[in-house]
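Student: Supplied structure: data.cif, mmCIF, C-alpha atoms.
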```
data_start
loop_
_atom_site.label_atom_id
_atom_site.label_comp_id
_atom_site.auth_asym_id
_atom_site.auth_seq_id
_atom_site.Cartn_x
_atom_site.Cartn_y
_atom_site.Cartn_z
CA MET A 1 72.03 144.61 -49.21
CA LYS A 2 75.45 145.30 -47.71
CA GLU A 3 76.95 142.78 -50.12
CA TYR A 4 75.20 144.51 -53.03
CA PHE A 5 76.73 147.89 -52.22
CA SER A 6 80.19 146.44 -51.69
CA ARG A 7 80.33 144.11 -54.70
CA LEU A 8 77.74 144.98 -57.37
CA PHE A 9 76.90 148.65 -56.89
CA PRO A 10 80.30 149.86 -58.20
CA LEU A 11 79.65 147.99 -61.47
CA HIS A 12 76.14 149.43 -61.75
CA LEU A 13 77.41 152.93 -61.04
CA ALA A 14 80.20 152.61 -63.62
CA VAL A 15 77.76 151.43 -66.29
CA ALA A 16 75.31 154.24 -65.46
CA LEU A 17 78.03 156.90 -65.63
CA ALA A 18 79.29 155.45 -68.91
CA VAL A 19 75.82 155.71 -70.43
CA GLY A 20 75.38 159.27 -69.17
CA GLY A 21 78.79 160.28 -70.50
CA PHE A 22 78.11 158.66 -73.86
CA LEU A 23 74.81 160.52 -74.27
CA MET A 24 76.36 163.81 -73.22
CA ALA A 25 79.22 163.39 -75.69
CA ARG A 26 77.25 162.10 -78.69
CA TYR A 27 73.61 163.11 -78.27
CA PRO A 28 73.25 166.52 -76.56
CA TRP A 29 71.27 167.64 -79.60
CA LEU A 30 68.73 164.86 -79.10
CA MET A 31 68.19 165.76 -75.46
CA ALA A 32 67.71 169.40 -76.48
CA ALA A 33 65.21 168.34 -79.16
CA ARG A 34 63.23 166.30 -76.60
CA GLU A 35 63.08 169.27 -74.24
CA ALA A 36 61.91 171.56 -77.04
CA SER A 37 58.95 169.22 -77.68
CA GLN A 38 57.09 169.88 -74.46
CA LEU A 39 55.92 172.48 -71.98
CA PHE A 40 55.95 171.01 -68.47
CA LEU A 41 53.97 173.20 -66.06
CA TRP A 42 54.17 173.05 -62.29
CA ASN A 43 50.46 173.25 -61.58
CA THR A 44 47.63 170.92 -60.61
CA ASP A 45 45.75 171.32 -63.88
CA TYR A 46 48.68 169.93 -65.85
CA LEU A 47 48.91 166.88 -63.57
CA VAL A 48 45.16 166.23 -63.78
CA GLN A 49 45.29 166.57 -67.57
CA ARG A 50 47.90 163.84 -67.75
CA LEU A 51 46.16 161.52 -65.26
CA LEU A 52 42.99 161.59 -67.38
CA VAL A 53 44.81 159.61 -70.09
CA PRO A 54 45.93 155.94 -69.93
CA GLY A 55 49.64 155.92 -69.16
CA GLY A 56 49.38 159.48 -67.92
CA LEU A 57 51.46 159.07 -64.78
CA ALA A 58 54.37 157.66 -66.78
CA GLN A 59 54.04 160.52 -69.26
CA TYR A 60 53.91 163.09 -66.45
CA VAL A 61 57.02 161.71 -64.75
CA GLY A 62 58.82 161.42 -68.09
CA GLU A 63 58.03 165.02 -69.02
CA CYS A 64 59.06 166.17 -65.56
CA LEU A 65 62.46 164.58 -66.13
CA VAL A 66 62.76 165.86 -69.71
CA GLN A 67 62.52 169.48 -68.57
CA CYS A 68 66.01 168.90 -67.12
CA PHE A 69 67.25 168.32 -70.67
CA TYR A 70 67.31 172.11 -71.15
CA HIS A 71 70.89 171.65 -69.96
CA PRO A 72 72.15 168.43 -71.60
CA LEU A 73 74.51 167.78 -68.70
CA TRP A 74 71.47 167.52 -66.43
CA GLY A 75 69.86 165.28 -69.03
CA ALA A 76 72.87 162.97 -68.99
CA ALA A 77 72.62 162.86 -65.19
CA VAL A 78 68.92 161.94 -65.44
CA TYR A 79 69.74 159.06 -67.78
CA ALA A 80 72.51 157.90 -65.45
CA VAL A 81 70.02 157.77 -62.56
CA LEU A 82 67.52 155.89 -64.73
CA CYS A 83 70.22 153.36 -65.68
CA LEU A 84 71.18 152.90 -62.06
CA THR A 85 67.54 152.38 -61.07
CA ALA A 86 66.92 149.94 -63.93
CA GLN A 87 69.93 147.86 -62.95
CA TRP A 88 68.92 147.72 -59.29
CA VAL A 89 65.33 146.69 -60.04
CA THR A 90 66.56 144.05 -62.51
CA PHE A 91 68.99 142.69 -59.92
CA ARG A 92 66.18 142.43 -57.37
CA LEU A 93 64.00 140.58 -59.87
CA LEU A 94 66.69 138.14 -61.04
CA GLY A 95 68.40 137.55 -57.73
CA TRP A 96 72.06 137.31 -56.79
CA GLN A 97 72.65 134.20 -58.88
CA HIS A 98 71.96 136.12 -62.11
CA ARG A 99 73.38 139.45 -60.94
CA LEU A 100 75.70 139.89 -63.93
CA TRP A 101 72.70 140.15 -66.26
CA SER A 102 71.42 143.29 -64.51
CA PRO A 103 73.67 145.76 -66.44
CA LEU A 104 71.71 144.81 -69.58
CA ALA A 105 68.88 146.93 -68.19
CA ALA A 106 71.11 150.00 -68.56
CA VAL A 107 71.76 149.01 -72.18
CA VAL A 108 68.00 148.96 -72.80
CA VAL A 109 67.70 152.46 -71.32
CA ALA A 110 70.57 153.68 -73.51
CA VAL A 111 69.10 152.15 -76.68
CA LEU A 112 65.72 153.76 -76.01
CA ALA A 113 67.43 157.08 -75.25
CA ILE A 114 68.96 157.38 -78.72
CA GLN A 115 65.77 156.46 -80.60
CA VAL A 116 64.50 159.80 -81.89
CA TYR A 117 60.92 158.57 -82.16
CA VAL A 118 60.71 157.09 -78.63
CA PRO A 119 59.96 159.65 -75.88
CA LEU A 120 61.05 159.14 -72.29
CA THR A 121 57.52 158.03 -71.39
CA LEU A 122 58.25 154.47 -72.52
CA THR A 123 61.40 154.17 -70.40
CA VAL A 124 59.59 155.46 -67.32
CA ALA A 125 56.63 153.14 -67.97
CA LEU A 126 58.93 150.11 -68.22
CA LEU A 127 60.64 151.03 -64.95
CA MET A 128 57.26 151.46 -63.25
CA ALA A 129 56.10 148.09 -64.56
CA ALA A 130 59.34 146.49 -63.32
CA ALA A 131 58.71 148.00 -59.88
CA MET A 132 55.20 146.50 -59.93
CA MET A 133 56.73 143.13 -60.76
CA LEU A 134 58.99 143.50 -57.76
CA ALA A 135 56.03 144.19 -55.49
CA MET A 136 53.78 141.46 -56.94
CA PRO A 137 52.81 138.75 -54.37
CA ARG A 138 53.28 135.23 -55.65
CA GLN A 139 50.45 133.34 -53.95
CA GLY A 140 47.15 133.48 -52.08
CA MET A 141 44.29 135.93 -52.34
CA THR A 142 46.75 138.80 -52.08
CA MET A 143 48.15 137.76 -55.45
CA TRP A 144 44.72 137.87 -57.10
CA GLY A 145 44.00 141.27 -55.61
CA ALA A 146 47.34 142.56 -56.84
CA VAL A 147 46.64 141.19 -60.32
CA LEU A 148 43.28 142.95 -60.43
CA LEU A 149 44.75 146.24 -59.23
CA THR A 150 47.78 146.09 -61.51
CA MET A 151 45.92 145.23 -64.71
CA THR A 152 43.32 147.95 -64.19
CA ALA A 153 44.74 150.87 -62.21
CA GLY A 154 48.29 149.95 -63.19
CA TYR A 155 47.39 150.07 -66.88
CA TRP A 156 45.76 153.48 -66.49
CA LEU A 157 48.83 154.89 -64.75
CA THR A 158 51.59 153.40 -66.90
CA GLY A 159 49.98 152.15 -70.12
CA PRO A 160 50.42 148.75 -71.83
CA ALA A 161 53.97 148.37 -70.45
CA VAL A 162 52.20 146.91 -67.43
CA ALA A 163 51.99 143.68 -69.46
CA MET A 164 55.50 142.98 -68.14
CA VAL A 165 53.87 142.03 -64.86
CA LEU A 166 52.52 138.88 -66.54
CA LEU A 167 56.07 137.52 -66.39
CA ARG A 168 55.93 137.71 -62.62
CA CYS A 169 52.50 136.12 -62.15
CA ARG A 170 52.11 132.46 -61.34
CA LEU A 171 51.23 130.42 -64.43
CA LYS A 172 47.64 129.84 -63.33
CA ALA A 173 47.07 133.59 -62.97
CA VAL A 174 48.44 134.58 -66.39
CA PRO A 175 45.25 133.95 -68.45
CA ALA A 176 43.08 135.93 -66.03
CA ALA A 177 45.61 138.77 -65.88
CA ALA A 178 45.88 138.91 -69.67
CA VAL A 179 42.07 139.07 -70.02
CA LEU A 180 41.92 141.83 -67.42
CA LEU A 181 44.55 143.84 -69.27
CA ALA A 182 42.78 143.38 -72.62
CA CYS A 183 39.49 144.48 -71.05
CA SER A 184 41.17 147.52 -69.51
CA ILE A 185 42.61 148.57 -72.87
CA TYR A 186 39.32 148.03 -74.68
CA THR A 187 37.25 149.83 -72.03
CA SER A 188 39.60 152.81 -72.03
CA SER A 189 38.81 153.39 -75.72
CA TYR A 190 35.31 154.50 -74.63
CA VAL A 191 36.74 156.96 -72.12
CA ALA A 192 39.95 158.35 -73.60
CA PRO A 193 39.94 160.35 -76.86
CA TYR A 194 42.32 157.96 -78.61
CA PRO A 195 41.79 155.07 -81.06
CA LEU A 196 42.06 151.55 -79.73
CA ARG A 197 45.25 150.88 -81.70
CA GLN A 198 47.04 153.79 -80.04
CA LEU A 199 45.81 152.77 -76.58
CA ALA A 200 47.12 149.25 -77.15
CA ARG A 201 50.61 150.44 -78.17
CA GLY A 202 50.76 153.29 -75.63
CA VAL A 203 49.48 156.84 -76.01
CA ASP A 204 52.90 158.48 -75.70
CA TYR A 205 55.21 155.52 -76.29
CA TYR A 206 55.98 156.30 -79.92
CA TRP A 207 56.11 159.42 -82.13
CA GLU A 208 55.70 159.60 -85.88
CA MET A 209 59.12 160.39 -87.39
CA HIS A 210 57.95 162.35 -90.42
CA HIS A 211 56.74 165.18 -88.17
CA MET A 212 60.01 165.47 -86.26
CA GLY A 213 62.59 166.01 -88.98
CA SER A 214 65.99 164.49 -89.56
CA ALA A 215 68.79 163.95 -87.08
CA ASP A 216 70.94 166.34 -89.13
CA GLU A 217 68.38 169.13 -88.70
CA MET A 218 68.23 168.52 -84.96
CA ARG A 219 72.02 168.46 -84.68
CA CYS A 220 72.42 171.59 -86.79
CA ASP A 221 69.73 173.33 -84.75
CA TRP A 222 71.70 172.52 -81.58
CA GLN A 223 74.93 173.80 -83.11
CA ILE A 224 73.45 177.11 -84.24
CA ARG A 225 72.05 177.68 -80.74
CA GLN A 226 75.55 177.06 -79.37
CA GLY A 227 77.19 179.33 -81.95
CA ARG A 228 79.35 176.53 -83.39
CA TRP A 229 79.76 178.22 -86.74
CA ALA A 230 82.85 176.37 -87.92
CA ASP A 231 81.27 172.99 -87.12
CA ILE A 232 78.13 173.90 -89.08
CA VAL A 233 80.11 174.84 -92.18
CA ALA A 234 82.33 171.75 -91.92
CA ASP A 235 79.49 169.29 -91.28
CA TYR A 236 76.71 170.54 -93.55
CA ALA A 237 78.20 172.44 -96.48
CA ASP A 238 76.79 169.83 -98.89
CA SER A 239 73.47 169.17 -97.15
CA PRO A 240 70.43 169.27 -99.46
CA ALA A 241 68.04 170.39 -96.67
CA ALA A 242 66.91 174.00 -97.17
CA ALA A 243 66.86 174.86 -93.45
CA ILE A 244 70.38 173.50 -92.95
CA GLN A 245 71.67 175.41 -95.98
CA ASN A 246 70.27 178.61 -94.47
CA ALA A 247 72.10 177.81 -91.24
CA VAL A 248 75.30 177.25 -93.21
CA GLN A 249 74.98 180.71 -94.77
CA VAL A 250 74.47 182.30 -91.35
CA ALA A 251 77.53 180.43 -90.07
CA ARG A 252 79.59 181.61 -93.04
CA PHE A 253 78.53 185.18 -92.30
CA HIS A 254 79.60 184.88 -88.66
CA LEU A 255 82.94 183.48 -89.83
CA HIS A 256 83.29 186.50 -92.18
CA HIS A 257 83.27 184.30 -95.27
CA ILE A 258 80.42 186.27 -96.86
CA SER A 259 79.06 189.80 -96.53
CA GLU A 260 75.68 190.80 -95.14
CA GLN A 261 74.41 191.45 -98.65
CA GLU A 262 75.50 187.98 -99.79
CA LEU A 263 73.83 186.48 -96.72
CA ASN A 264 70.51 188.20 -97.47
CA ARG A 265 70.61 187.03 -101.08
CA SER A 266 71.41 183.42 -100.17
CA ILE A 267 68.71 182.86 -97.53
CA SER A 268 65.84 180.72 -98.82
CA LEU A 269 62.37 181.31 -97.38
CA SER A 270 60.70 178.44 -99.19
CA LYS A 271 58.03 176.37 -97.47
CA GLY A 272 60.27 173.33 -97.77
CA ALA A 273 62.58 174.83 -95.16
CA MET A 274 59.87 174.30 -92.53
CA HIS A 275 58.62 170.86 -93.48
CA SER A 276 59.19 169.41 -90.00
CA GLN A 277 59.47 170.34 -86.34
CA ALA A 278 63.29 170.35 -86.40
CA GLY A 279 63.39 172.29 -89.66
CA ALA A 280 60.98 174.92 -88.33
CA PHE A 281 62.93 175.34 -85.10
CA LEU A 282 66.11 175.71 -87.14
CA MET A 283 64.48 178.32 -89.38
CA SER A 284 63.29 180.22 -86.30
CA GLU A 285 66.90 180.45 -85.13
CA VAL A 286 68.14 181.45 -88.60
CA CYS A 287 65.54 184.19 -89.00
CA MET A 288 66.22 185.59 -85.54
CA GLN A 289 69.95 185.62 -86.34
CA ILE A 290 69.36 187.81 -89.41
CA GLY A 291 66.81 190.09 -87.76
CA MET A 292 63.60 188.75 -89.36
CA ALA A 293 61.49 188.66 -86.20
CA GLN A 294 58.14 188.04 -87.85
CA MET A 295 59.48 185.12 -89.89
CA SER A 296 61.08 183.73 -86.76
CA GLN A 297 57.70 183.94 -85.05
CA ARG A 298 56.00 182.10 -87.88
CA ALA A 299 58.62 179.36 -87.77
CA ALA A 300 58.20 178.99 -83.98
CA PHE A 301 54.44 178.52 -84.46
CA GLU A 302 55.06 175.95 -87.18
CA ALA A 303 57.52 174.06 -84.98
CA MET A 304 55.05 173.90 -82.09
CA GLU A 305 52.24 172.69 -84.33
CA ALA A 306 54.48 169.92 -85.72
CA ILE A 307 55.15 168.32 -82.31
CA PRO A 308 53.97 164.71 -82.79
CA ASN A 309 51.90 164.34 -79.59
CA HIS A 310 50.39 167.85 -79.89
CA ASN A 311 52.28 169.24 -76.89
CA LYS A 312 53.08 172.89 -76.52
CA SER A 313 56.73 173.89 -76.47
CA GLY A 314 58.54 175.94 -73.86
CA ARG A 315 61.23 176.78 -76.39
CA ALA A 316 58.67 177.96 -78.94
CA LEU A 317 56.86 180.08 -76.33
CA ARG A 318 60.16 181.65 -75.34
CA ARG A 319 60.71 182.69 -78.96
CA LEU A 320 57.12 184.00 -79.18
CA VAL A 321 57.75 186.19 -76.14
CA GLU A 322 60.78 187.68 -77.88
CA THR A 323 59.12 188.21 -81.26
CA ASN A 324 55.97 189.74 -79.81
CA LEU A 325 58.06 192.23 -77.85
CA VAL A 326 60.03 193.11 -80.97
CA THR A 327 56.95 193.43 -83.22
CA GLY A 328 55.01 195.51 -80.71
CA TYR A 329 52.57 193.13 -78.99
CA PRO A 330 53.58 193.25 -75.31
CA GLN A 331 50.18 191.99 -74.11
CA VAL A 332 50.62 188.78 -76.10
CA ALA A 333 54.12 188.45 -74.69
CA LEU A 334 52.68 188.82 -71.17
CA LYS A 335 50.35 185.88 -71.82
CA TYR A 336 53.25 183.63 -72.79
CA ILE A 337 55.37 184.90 -69.90
CA GLY A 338 52.57 183.85 -67.54
CA LEU A 339 52.91 180.29 -68.81
CA LEU A 340 56.69 180.22 -68.76
CA ARG A 341 56.75 181.42 -65.16
CA GLN A 342 55.19 178.04 -64.25
CA THR A 343 58.13 176.13 -65.73
CA MET A 344 61.53 175.28 -64.29
CA ALA A 345 63.73 175.86 -67.32
CA TYR A 346 62.20 179.12 -68.56
CA ARG A 347 61.11 180.80 -65.33
CA ALA A 348 64.27 182.93 -65.05
CA PHE A 349 63.89 184.03 -68.68
CA ALA A 350 60.24 184.94 -68.12
CA LEU A 351 61.03 187.02 -65.04
CA ARG A 352 63.87 188.74 -66.89
CA LEU A 353 61.61 189.83 -69.76
CA LEU A 354 58.58 190.66 -67.61
CA PRO A 355 59.62 194.34 -67.13
CA LEU A 356 59.98 194.75 -70.91
CA ALA A 357 56.46 193.41 -71.47
CA ARG A 358 55.00 195.64 -68.77
CA HIS A 359 56.94 198.70 -69.92
CA PRO A 360 57.45 198.40 -73.70
CA ALA A 361 59.35 201.69 -73.84
CA LEU A 362 62.28 199.90 -72.20
CA ILE A 363 62.74 197.73 -75.28
CA LYS A 364 64.37 200.60 -77.16
CA GLU A 365 67.22 200.64 -74.65
CA HIS A 366 67.74 196.88 -74.59
CA PRO A 367 71.05 195.87 -76.23
CA TYR A 368 69.53 192.87 -78.06
CA TYR A 369 65.82 193.51 -78.56
CA GLY A 370 66.22 197.23 -79.23
CA PRO A 371 68.18 196.80 -82.49
CA LEU A 372 65.86 193.98 -83.53
CA GLN A 373 62.86 196.24 -83.05
CA ASN A 374 64.49 198.99 -85.10
CA ALA A 375 65.31 196.50 -87.86
CA TYR A 376 61.72 195.25 -87.83
CA LYS A 377 60.29 198.77 -88.13
CA GLU A 378 62.67 199.78 -90.90
CA SER A 379 62.54 196.65 -93.07
CA HIS A 380 59.97 194.64 -94.98
CA ASP A 381 59.56 191.48 -92.86
CA THR A 382 56.77 189.22 -94.12
CA PHE A 383 55.28 185.79 -93.78
CA PHE A 384 55.65 183.46 -96.73
#
```
Could the structure of this file be written out as structure tokens, please?
Tutor:
Amino acid sequence: MKEYFSRLFPLHLAVALAVGGFLMARYPWLMAAREASQLFLWNTDYLVQRLLVPGGLAQYVGECLVQCFYHPLWGAAVYAVLCLTAQWVTFRLLGWQHRLWSPLAAVVVAVLAIQVYVPLTLTVALLMAAAMMLAMPRQGMTMWGAVLLTMTAGYWLTGPAVAMVLLRCRLKAVPAAAVLLACSIYTSSYVAPYPLRQLARGVDYYWEMHHMGSADEMRCDWQIRQGRWADIVADYADSPAAAIQNAVQVARFHLHHISEQELNRSISLSKGAMHSQAGAFLMSEVCMQIGMAQMSQRAAFEAMEAIPNHNKSGRALRRLVETNLVTGYPQVALKYIGLLRQTMAYRAFALRLLPLARHPALIKEHPYYGPLQNAYKESHDTFF
């Protein structure tokens, strides 16, 4: 181990930091989009809910890590740690003779990280399965007991990624282990509320792309949240997407290229602007920027309903807190605040808005929500 830290660890650390830096520089918008697609709660009920599903422990750990993506720098650090862990486990599996192959594990983590339709659950499941391979005995009755435990309990905790353990089993044990895994998958279809096909490929290993929206919508959504108005105009002036064009008009207004009247005339409220999760989130930001609180609320609902694995969204609930305060429903806002107080990323926000929900009269004096409430009361804000 001393030789590892003196000779190989610096290489592993350099590769891990390179991956983290690359993701921070090129894909902060993707990390933000992943975080917006879940609501991780620090309570026992949430943990039990995940453990009742095959692969639930991997999903729980993955979602726990993804909550750090609220700040992309933290997300890049999480990926760096995952790369470092993957390289170490791979080195332990391959041995010193094949040590130079271990950095490829970090490449696998990086490739999975930039796939929009692959949540972090798969990466965590693969790392868990690799750890099981490392702990797998190679002979005797202990090996058979480990095979039985891994292909049954291991499948339930990590999902079908546990099939990697077959590579570590002795040749004579592979058929029995494969049969055990197949039986575990088939039996789980009678217990878990998922079709057999989804259980075989992993419950939360893959998301359907058509619900998520395009990479341009996600990137533009990130830029409008950061107030990068010049970048939005430069990057998306010719985009055909309705939600992005609305964002461009808001950016042009902030850059003083158009007047408020021209902005109001150019905003499109067509249904096509909210055809996906990313588009709906983007429209929620656009509508909040121009003071249409009720439309922003509708878009936040649409975004949360479009999440591929039917999660709730901390980001959407944050917006619903704001819009319900503005539109005069503090009791509804209190309900959402109660949920957000059980999160890491949104707890401070929830505590900050709690006095406004308990004492709605304070909203009039708030520098941000007060003018929005006045605009809502004085204008015709409608759903489409």
Student: Going by the chain IDs and residue numbers used in this file, which residues fall under the PyMOL selection byres ((chain A and resi 154) around 12)? Write them as number ranges by chain.
Tutor: A: 51, 54-58, 125-126, 128-133, 136, 146-153, 155-165, 177, 180-181, 184-185
Student: List the residues sitting within 9 Å of (58.6, 162.1, -87.0) in the file's frame, using all atoms listed in the file, as number ranges by chain.
Tutor: A: 116-117, 207-214, 276-277, 306-308
Student: With all atoms listed in the file as the basis for distance, which of A:Thr90, A:Gln245, A:Gln59, A:Ser189 is at the shortest distance from A:Ser268?
Tutor: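 For A:Ser268, the nearest of the candidates is A:Gln245.
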Student: Might you spell out which residues the PyMOL selection byres ((chain A and resi 279) around 9) would select in the displayed file, as a tab-separated table (two decimals) with C-alpha atoms, keeping the file's coordinate frame?
Tutor:
```tsv
chain	number	residue	atom	x	y	z
A	212	MET	CA	60.01	165.47	-86.26
A	213	GLY	CA	62.59	166.01	-88.98
A	214	SER	CA	65.99	164.49	-89.56
A	217	GLU	CA	68.38	169.13	-88.70
A	218	MET	CA	68.23	168.52	-84.96
A	221	ASP	CA	69.73	173.33	-84.75
A	241	ALA	CA	68.04	170.39	-96.67
A	242	ALA	CA	66.91	174.00	-97.17
A	243	ALA	CA	66.86	174.86	-93.45
A	244	ILE	CA	70.38	173.50	-92.95
A	272	GLY	CA	60.27	173.33	-97.77
A	273	ALA	CA	62.58	174.83	-95.16
A	274	MET	CA	59.87	174.30	-92.53
A	275	HIS	CA	58.62	170.86	-93.48
A	276	SER	CA	59.19	169.41	-90.00
A	277	GLN	CA	59.47	170.34	-86.34
A	278	ALA	CA	63.29	170.35	-86.40
A	280	ALA	CA	60.98	174.92	-88.33
A	281	PHE	CA	62.93	175.34	-85.10
A	282	LEU	CA	66.11	175.71	-87.14
A	283	MET	CA	64.48	178.32	-89.38
A	284	SER	CA	63.29	180.22	-86.30
A	299	ALA	CA	58.62	179.36	-87.77
A	303	ALA	CA	57.52	174.06	-84.98
```
Student: Residues around (53.4, 192.0, -70.5), cut-off 9 Å, counting only C-alpha atoms - what are they as a PDB file with C-alpha atoms, in the frame of the given file?
Tutor:
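Contents of the output file selection.pdb:
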```
ATOM      1  CA  LEU A 325      58.060 192.230 -77.850  1.00  0.00           C
ATOM      2  CA  TYR A 329      52.570 193.130 -78.990  1.00  0.00           C
ATOM      3  CA  PRO A 330      53.580 193.250 -75.310  1.00  0.00           C
ATOM      4  CA  GLN A 331      50.180 191.990 -74.110  1.00  0.00           C
ATOM      5  CA  VAL A 332      50.620 188.780 -76.100  1.00  0.00           C
ATOM      6  CA  ALA A 333      54.120 188.450 -74.690  1.00  0.00           C
ATOM      7  CA  LEU A 334      52.680 188.820 -71.170  1.00  0.00           C
ATOM      8  CA  LYS A 335      50.350 185.880 -71.820  1.00  0.00           C
ATOM      9  CA  TYR A 336      53.250 183.630 -72.790  1.00  0.00           C
ATOM     10  CA  ILE A 337      55.370 184.900 -69.900  1.00  0.00           C
ATOM     11  CA  GLY A 338      52.570 183.850 -67.540  1.00  0.00           C
ATOM     12  CA  LEU A 353      61.610 189.830 -69.760  1.00  0.00           C
ATOM     13  CA  LEU A 354      58.580 190.660 -67.610  1.00  0.00           C
ATOM     14  CA  PRO A 355      59.620 194.340 -67.130  1.00  0.00           C
ATOM     15  CA  LEU A 356      59.980 194.750 -70.910  1.00  0.00           C
ATOM     16  CA  ALA A 357      56.460 193.410 -71.470  1.00  0.00           C
ATOM     17  CA  ARG A 358      55.000 195.640 -68.770  1.00  0.00           C
ATOM     18  CA  HIS A 359      56.940 198.700 -69.920  1.00  0.00           C
ATOM     19  CA  PRO A 360      57.450 198.400 -73.700  1.00  0.00           C
TER      20      PRO A 360
END
```
Student: Applying 10 Å and only C-alpha atoms, which residues near A:Tyr27 remain after dropping the ones on its own chain fewer than 3 positions away? List them as a ChimeraX atom specification.
Tutor: /A:21-24,30-33,72,76,113-114,219
Student: Just the selected residues (C-alpha atoms), exported as an mmCIF file, keeping the file's coordinate frame, please.
Tutor:
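This is the output file out_2.cif:
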```cif
data_model
loop_
_atom_site.group_PDB
_atom_site.id
_atom_site.type_symbol
_atom_site.label_atom_id
_atom_site.label_comp_id
_atom_site.auth_asym_id
_atom_site.auth_seq_id
_atom_site.Cartn_x
_atom_site.Cartn_y
_atom_site.Cartn_z
ATOM 1 C CA GLY A 21 78.790 160.280 -70.500
ATOM 2 C CA PHE A 22 78.110 158.660 -73.860
ATOM 3 C CA LEU A 23 74.810 160.520 -74.270
ATOM 4 C CA MET A 24 76.360 163.810 -73.220
ATOM 5 C CA LEU A 30 68.730 164.860 -79.100
ATOM 6 C CA MET A 31 68.190 165.760 -75.460
ATOM 7 C CA ALA A 32 67.710 169.400 -76.480
ATOM 8 C CA ALA A 33 65.210 168.340 -79.160
ATOM 9 C CA PRO A 72 72.150 168.430 -71.600
ATOM 10 C CA ALA A 76 72.870 162.970 -68.990
ATOM 11 C CA ALA A 113 67.430 157.080 -75.250
ATOM 12 C CA ILE A 114 68.960 157.380 -78.720
ATOM 13 C CA ARG A 219 72.020 168.460 -84.680
#
```
